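A short worksheet on the structure shown next.
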Amino acid sequence: MNQLTVRQRKMVYAVVAGLLIVPIVFLGAPAGEETRSGGKISQLRYDYELGETSLGKVDPTSATMNLVLLGFRGVAASYLWQQAEHYKMTKNFAQLRDTVESIILLQPHFKTVWEFQAWNLAYNVSAECDAVSDRYRWVKQGAKFLIRGTERNKKVPELQFGTGQFIGSKLGLADERDVYRKFFVSDPDTDLWGGGPDEELNPEGKDNYLVARDWYLKANDTLEEPGVEQHRMDLALFLAYPYRALIDHAKNFQKDGVASQLDDDTTVQGEQSQAQRDETYNAWAAECQQKWADAYDEWTNIYGMKRIESSGGGTIVLEIDDDADSVLEELAEKDDMTFEDKSRWRDRYRKTTSYPYWKRHCEIERRDEMTRARYYLAEGRRLYRNIQDFEGSRKYLEEGLALLESVFQQYDTQQGYNVMIIDEGDTVEEALKAMLIWRQVLELLGEPIPEDYPLKRLWEDPNFEYQREDLNQRFLQWQG
């Protein structure tokens, strides 16, 4: 080589470099988006789902940023996270948003950045707004941001789960939940959405709990793919959320239906208008009971029969009946365990997931007596406060309490306790509130409290003395 002239050496180097380009192109040519193309390495990444396109949508600017920073990506990300925390503490939300966008370019598959910004938009930024519609706009931005995260990370079920929890809980449990849930199906931005839902968030115009359920189901489906794991909570709890969302939907439909009967501010109550209200109730009641029946069916026949990996007892099912026991015996034999050991693991997980409670709750609420009881109690409350029809209020309250008593009686046990009184706290509180109004109505009518009346045992139970006093104070405030 030393005998070659400078010109000749340059020619040799050029030839060698040209020859090396061939294997580089063959092995390392980039792939097209979500296709099995490019060089051999790109094809292998696609086959084994190791590349960016396997994880979700790819932002080409993120790859450019990585090339620019070379080995300093970690340093840059750490600095940006410090800046983001600073902007959050100082409430500089515009700078915070830009900083988080920069973090995404560096760490698009770090799920915490998506959760961080979604929470920030929905809880921190929205709290700075006075108008409910403006707060809702920022809540939407948080949800949409989280959806972006699911598109970039399609193999991260926690983000899909988080989106469901966000849409279900943030909209359904916030102080403004009644308004938020209405906005979810009828967006306040009428110029853009024409009175319908924001189609980027709710394209089918569903209730927020049903949209949350769809996201939970996506998370469960993702979890079934090979090599995918979740580290958010125990598997049995994670898998329960689509079915819990259906229960929440039934519960809120029931509450919305009754609440809709209270919107009438008419000062004169005629027989015809009450008959019309009762007719409207019949249609609502049928749909309400069907939703509870659907929730019960999915909780017991789908979730209850789902084969779930436990933390130490192999595969289990949560339901207890002949079919479920047959499946459990098969699983015990497969896992080389006795049926008794497998049953103990099932009992442990039934407690962990509150499986018996939710099954019984759906069973109670789907009863016709329970639906009628809730309606009558709500009507009695409306007639008392909005119409001042005390005779009508008394009639509805007494009918509602009698129906509620009949449901309670079905859950008396031989041991002397009542399952509903122990477990159904919301129903107990509703009954105590109704009795407070009923006692006030009798006082206004100048009539004494009778010796015997529905749910007397509940009113006189010393375990509820503090709750009765608290409700009485709230009742006085409610009356003004």
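Within each chain, counting starts at residue 1; across the structure tokens, chains are named A, B, ... in the order shown, with ligands numbered 1 upward in that order.
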
Skipping near chain neighbours, those fewer than 2 positions away, what residues fall within 10 Å of A:Leu331 using only C-alpha atoms, listed as a PyMOL selection string? chain A and resi 307+314-317+325-329+333-339+342

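Within stretch 255-358 of chain A, DSSP run on the backbone puts these residues in strand (DSSP E or B): Ile308, Glu309, Thr315 and Ile316 of chain A.
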
Interatomic distance between atom CA of A:Ala285 and atom CA of A:Thr371?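 According to the coordinates, atom CA of A:Ala285 and atom CA of A:Thr371 are separated by 6.5 Å.
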
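Among the candidate residues A:Asn220, A:Asn208, A:Asn386, A:Ser406, the one lying nearest to A:Gln165 is A:Asn208, with distances computed using only C-alpha atoms.
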
Which residues of stretch 424-472 of chain A come within 12 Å of stretch 387-392 of chain A, and for each one, what is the closest pair of atoms and their distance in Å to one decimal, counting only C-alpha atoms, sorted by chain and residue number, as CSV?
```
residue,atom,partner,partner_atom,distance
A:Ile437,CA,A:Phe390,CA,10.2
A:Trp438,CA,A:Phe390,CA,9.3
A:Arg439,CA,A:Phe390,CA,11.2
A:Gln440,CA,A:Phe390,CA,9.6
A:Val441,CA,A:Phe390,CA,6.0
A:Leu442,CA,A:Phe390,CA,8.3
A:Glu443,CA,A:Phe390,CA,10.2
A:Leu444,CA,A:Phe390,CA,7.8
A:Leu445,CA,A:Phe390,CA,7.3
A:Gly446,CA,A:Phe390,CA,11.1
A:Glu447,CA,A:Glu391,CA,11.4
```

With N, CA and C atoms retained, could you export that selection as a PDB file, in the first residue's frame?
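The result, stored in again-v1.pdb:
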```
ATOM      1  N   ILE A 437     -87.705  13.902  55.443  1.00  0.00           N
ATOM      2  CA  ILE A 437     -88.702  14.711  54.738  1.00  0.00           C
ATOM      3  C   ILE A 437     -90.104  14.273  55.140  1.00  0.00           C
ATOM      4  N   TRP A 438     -90.316  12.958  55.230  1.00  0.00           N
ATOM      5  CA  TRP A 438     -91.635  12.420  55.594  1.00  0.00           C
ATOM      6  C   TRP A 438     -92.066  12.909  56.976  1.00  0.00           C
ATOM      7  N   ARG A 439     -91.159  12.903  57.938  1.00  0.00           N
ATOM      8  CA  ARG A 439     -91.487  13.363  59.283  1.00  0.00           C
ATOM      9  C   ARG A 439     -91.811  14.864  59.278  1.00  0.00           C
ATOM     10  N   GLN A 440     -91.085  15.627  58.434  1.00  0.00           N
ATOM     11  CA  GLN A 440     -91.372  17.052  58.320  1.00  0.00           C
ATOM     12  C   GLN A 440     -92.740  17.285  57.683  1.00  0.00           C
ATOM     13  N   VAL A 441     -93.088  16.492  56.687  1.00  0.00           N
ATOM     14  CA  VAL A 441     -94.390  16.603  56.029  1.00  0.00           C
ATOM     15  C   VAL A 441     -95.511  16.343  57.033  1.00  0.00           C
ATOM     16  N   LEU A 442     -95.364  15.295  57.853  1.00  0.00           N
ATOM     17  CA  LEU A 442     -96.389  15.001  58.860  1.00  0.00           C
ATOM     18  C   LEU A 442     -96.534  16.157  59.849  1.00  0.00           C
ATOM     19  N   GLU A 443     -95.409  16.776  60.216  1.00  0.00           N
ATOM     20  CA  GLU A 443     -95.472  17.919  61.139  1.00  0.00           C
ATOM     21  C   GLU A 443     -96.220  19.080  60.505  1.00  0.00           C
ATOM     22  N   LEU A 444     -95.963  19.334  59.211  1.00  0.00           N
ATOM     23  CA  LEU A 444     -96.657  20.414  58.515  1.00  0.00           C
ATOM     24  C   LEU A 444     -98.149  20.127  58.367  1.00  0.00           C
ATOM     25  N   LEU A 445     -98.487  18.861  58.244  1.00  0.00           N
ATOM     26  CA  LEU A 445     -99.899  18.469  58.132  1.00  0.00           C
ATOM     27  C   LEU A 445    -100.567  18.362  59.495  1.00  0.00           C
ATOM     28  N   GLY A 446     -99.782  18.523  60.558  1.00  0.00           N
ATOM     29  CA  GLY A 446    -100.340  18.456  61.901  1.00  0.00           C
ATOM     30  C   GLY A 446    -100.678  17.043  62.343  1.00  0.00           C
ATOM     31  N   GLU A 447     -99.975  16.056  61.819  1.00  0.00           N
ATOM     32  CA  GLU A 447    -100.259  14.663  62.163  1.00  0.00           C
ATOM     33  C   GLU A 447     -99.076  14.080  62.932  1.00  0.00           C
TER      34      GLU A 447
END
```

Atom CA of A:Asp198 to atom CA of A:Arg137, distance in Å rounded to a single decimal: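 Answer for the atom CA of A:Asp198 to atom CA of A:Arg137 separation: 10.3 Å.
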
Can you pull out the residues contacting A:Arg374? Cut-off 12 Å, using only C-alpha atoms, and skip same-chain residues under 5 positions away; I want them as JSON, numbers by chain. {"A": [251, 254, 255, 256, 257, 258, 259, 261, 281, 285, 288, 365, 366, 367, 368, 369, 379, 380, 381, 396, 397, 398, 399, 400, 401, 402, 403, 404, 405, 407, 426, 427, 428, 430, 431, 434]}

With C-alpha atoms retained, export the selected residues as an mmCIF file, in the first residue's frame.
```cif
data_model
loop_
_atom_site.group_PDB
_atom_site.id
_atom_site.type_symbol
_atom_site.label_atom_id
_atom_site.label_comp_id
_atom_site.auth_asym_id
_atom_site.auth_seq_id
_atom_site.Cartn_x
_atom_site.Cartn_y
_atom_site.Cartn_z
ATOM 1 C CA LYS A 251 -76.193 3.719 38.277
ATOM 2 C CA GLN A 254 -80.860 5.609 37.122
ATOM 3 C CA LYS A 255 -79.809 8.776 38.920
ATOM 4 C CA ASP A 256 -80.211 10.933 35.804
ATOM 5 C CA GLY A 257 -83.650 9.499 35.156
ATOM 6 C CA VAL A 258 -84.878 10.284 38.625
ATOM 7 C CA ALA A 259 -83.183 13.691 38.596
ATOM 8 C CA GLN A 261 -88.227 14.160 37.157
ATOM 9 C CA TYR A 281 -91.461 7.047 34.349
ATOM 10 C CA ALA A 285 -87.991 2.341 34.469
ATOM 11 C CA CYS A 288 -83.200 1.375 33.742
ATOM 12 C CA GLU A 365 -80.982 -2.583 41.664
ATOM 13 C CA ARG A 366 -82.487 -4.585 38.798
ATOM 14 C CA ARG A 367 -85.562 -5.379 40.916
ATOM 15 C CA ASP A 368 -88.767 -3.626 39.902
ATOM 16 C CA GLU A 369 -89.523 -2.760 43.551
ATOM 17 C CA GLU A 379 -91.235 12.312 43.523
ATOM 18 C CA GLY A 380 -92.028 12.760 47.197
ATOM 19 C CA ARG A 381 -88.987 15.009 47.549
ATOM 20 C CA TYR A 396 -95.209 9.099 47.406
ATOM 21 C CA LEU A 397 -92.797 8.968 50.321
ATOM 22 C CA GLU A 398 -94.822 6.353 52.151
ATOM 23 C CA GLU A 399 -95.169 4.221 49.027
ATOM 24 C CA GLY A 400 -91.450 4.525 48.320
ATOM 25 C CA LEU A 401 -90.443 3.630 51.866
ATOM 26 C CA ALA A 402 -92.808 0.649 51.862
ATOM 27 C CA LEU A 403 -91.250 -0.624 48.647
ATOM 28 C CA LEU A 404 -87.782 -0.087 50.063
ATOM 29 C CA GLU A 405 -88.765 -1.997 53.197
ATOM 30 C CA VAL A 407 -86.486 -5.044 49.366
ATOM 31 C CA ASP A 426 -75.946 4.900 49.697
ATOM 32 C CA THR A 427 -79.367 3.245 49.857
ATOM 33 C CA VAL A 428 -79.425 3.547 53.643
ATOM 34 C CA GLU A 430 -81.376 7.740 50.768
ATOM 35 C CA ALA A 431 -83.871 6.036 53.078
ATOM 36 C CA ALA A 434 -86.673 10.296 52.794
#
```

Select from stretch 76-184 of chain A everything DSSP, run on the backbone, classes as helix (DSSP H, G or I), then give the selection as a ChimeraX atom specification. /A:76-89,93-106,111-128,132-152,157-173,177-184

What is the atom CA of A:Ile422 to atom CA of A:Leu455 distance in Å?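 For atom CA of A:Ile422 relative to atom CA of A:Leu455, the distance reads 14.2 Å.
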
Residues near A:Asp207, cut-off 10 Å, only C-alpha atoms, skip fewer than 2 positions along chain, as a PyMOL selection string: chain A and resi 167-168+181-182+184-185+202+204-205+209-213+249+252-253

Suppose we keep C-alpha atoms; can you now write the selection as a PDB file, in the first residue's frame?
```pdb
ATOM      1  CA  ILE A 167     -63.124   9.811  30.919  1.00  0.00           C
ATOM      2  CA  GLY A 168     -65.049   7.842  33.512  1.00  0.00           C
ATOM      3  CA  ARG A 181     -71.481  14.589  31.435  1.00  0.00           C
ATOM      4  CA  LYS A 182     -74.001  16.701  29.500  1.00  0.00           C
ATOM      5  CA  PHE A 184     -69.704  15.080  26.771  1.00  0.00           C
ATOM      6  CA  VAL A 185     -72.722  14.280  24.577  1.00  0.00           C
ATOM      7  CA  ASN A 202     -66.744  10.831  21.592  1.00  0.00           C
ATOM      8  CA  GLU A 204     -70.523   7.904  18.626  1.00  0.00           C
ATOM      9  CA  GLY A 205     -72.169  10.260  21.102  1.00  0.00           C
ATOM     10  CA  TYR A 209     -69.075   5.676  31.201  1.00  0.00           C
ATOM     11  CA  LEU A 210     -69.706   3.692  28.019  1.00  0.00           C
ATOM     12  CA  VAL A 211     -66.778   5.420  26.292  1.00  0.00           C
ATOM     13  CA  ALA A 212     -64.651   4.656  29.363  1.00  0.00           C
ATOM     14  CA  ARG A 213     -65.754   1.032  29.075  1.00  0.00           C
ATOM     15  CA  HIS A 249     -73.413   3.625  33.572  1.00  0.00           C
ATOM     16  CA  ASN A 252     -75.896   7.134  36.652  1.00  0.00           C
ATOM     17  CA  PHE A 253     -78.669   6.452  34.159  1.00  0.00           C
TER      18      PHE A 253
END
```

Please determine, counting only C-alpha atoms, which residue among A:Leu159, A:Leu96, A:Gln82, A:Arg232 has the shortest atom-to-atom distance to A:Glu115.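 Distance minimum relative to A:Glu115 lands on A:Leu159.
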
Name the closest residue to A:Gly313 among the candidates A:Trp345, A:Trp299, A:Trp292, A:Trp193; distances are taken between atoms, counting only C-alpha atoms.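 The shortest atom-to-atom distance to A:Gly313 comes from A:Trp345.
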
Residue contacts of stretch 349-359 of chain A (8 Å, only C-alpha atoms) excluding same-chain residues fewer than 2 positions away, as a PyMOL selection string: chain A and resi 236-237+240+296+299-300+310+318+345-347+361-363+423

Please produce a file of those selected residues containing C-alpha atoms, as a JSON list (two decimals), in the first residue's frame.
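Output (out_39.json):
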```json
[["chain", "number", "residue", "atom", "x", "y", "z"],
["A", 236, "ALA", "CA", -58.06, -9.41, 38.56],
["A", 237, "LEU", "CA", -58.75, -5.76, 39.43],
["A", 240, "ALA", "CA", -62.79, -5.84, 36.15],
["A", 296, "TYR", "CA", -75.46, -8.12, 36.24],
["A", 299, "TRP", "CA", -70.40, -9.12, 35.79],
["A", 300, "THR", "CA", -71.39, -12.75, 36.45],
["A", 310, "SER", "CA", -53.76, -15.24, 40.47],
["A", 318, "LEU", "CA", -64.56, -15.80, 40.43],
["A", 345, "TRP", "CA", -57.64, -18.79, 46.18],
["A", 346, "ARG", "CA", -60.97, -18.02, 44.52],
["A", 347, "ASP", "CA", -62.42, -16.83, 47.83],
["A", 361, "HIS", "CA", -75.72, -4.68, 44.15],
["A", 362, "CYS", "CA", -76.75, -5.33, 40.54],
["A", 363, "GLU", "CA", -79.19, -7.97, 41.72],
["A", 423, "ASP", "CA", -73.32, -3.01, 52.73]]
```
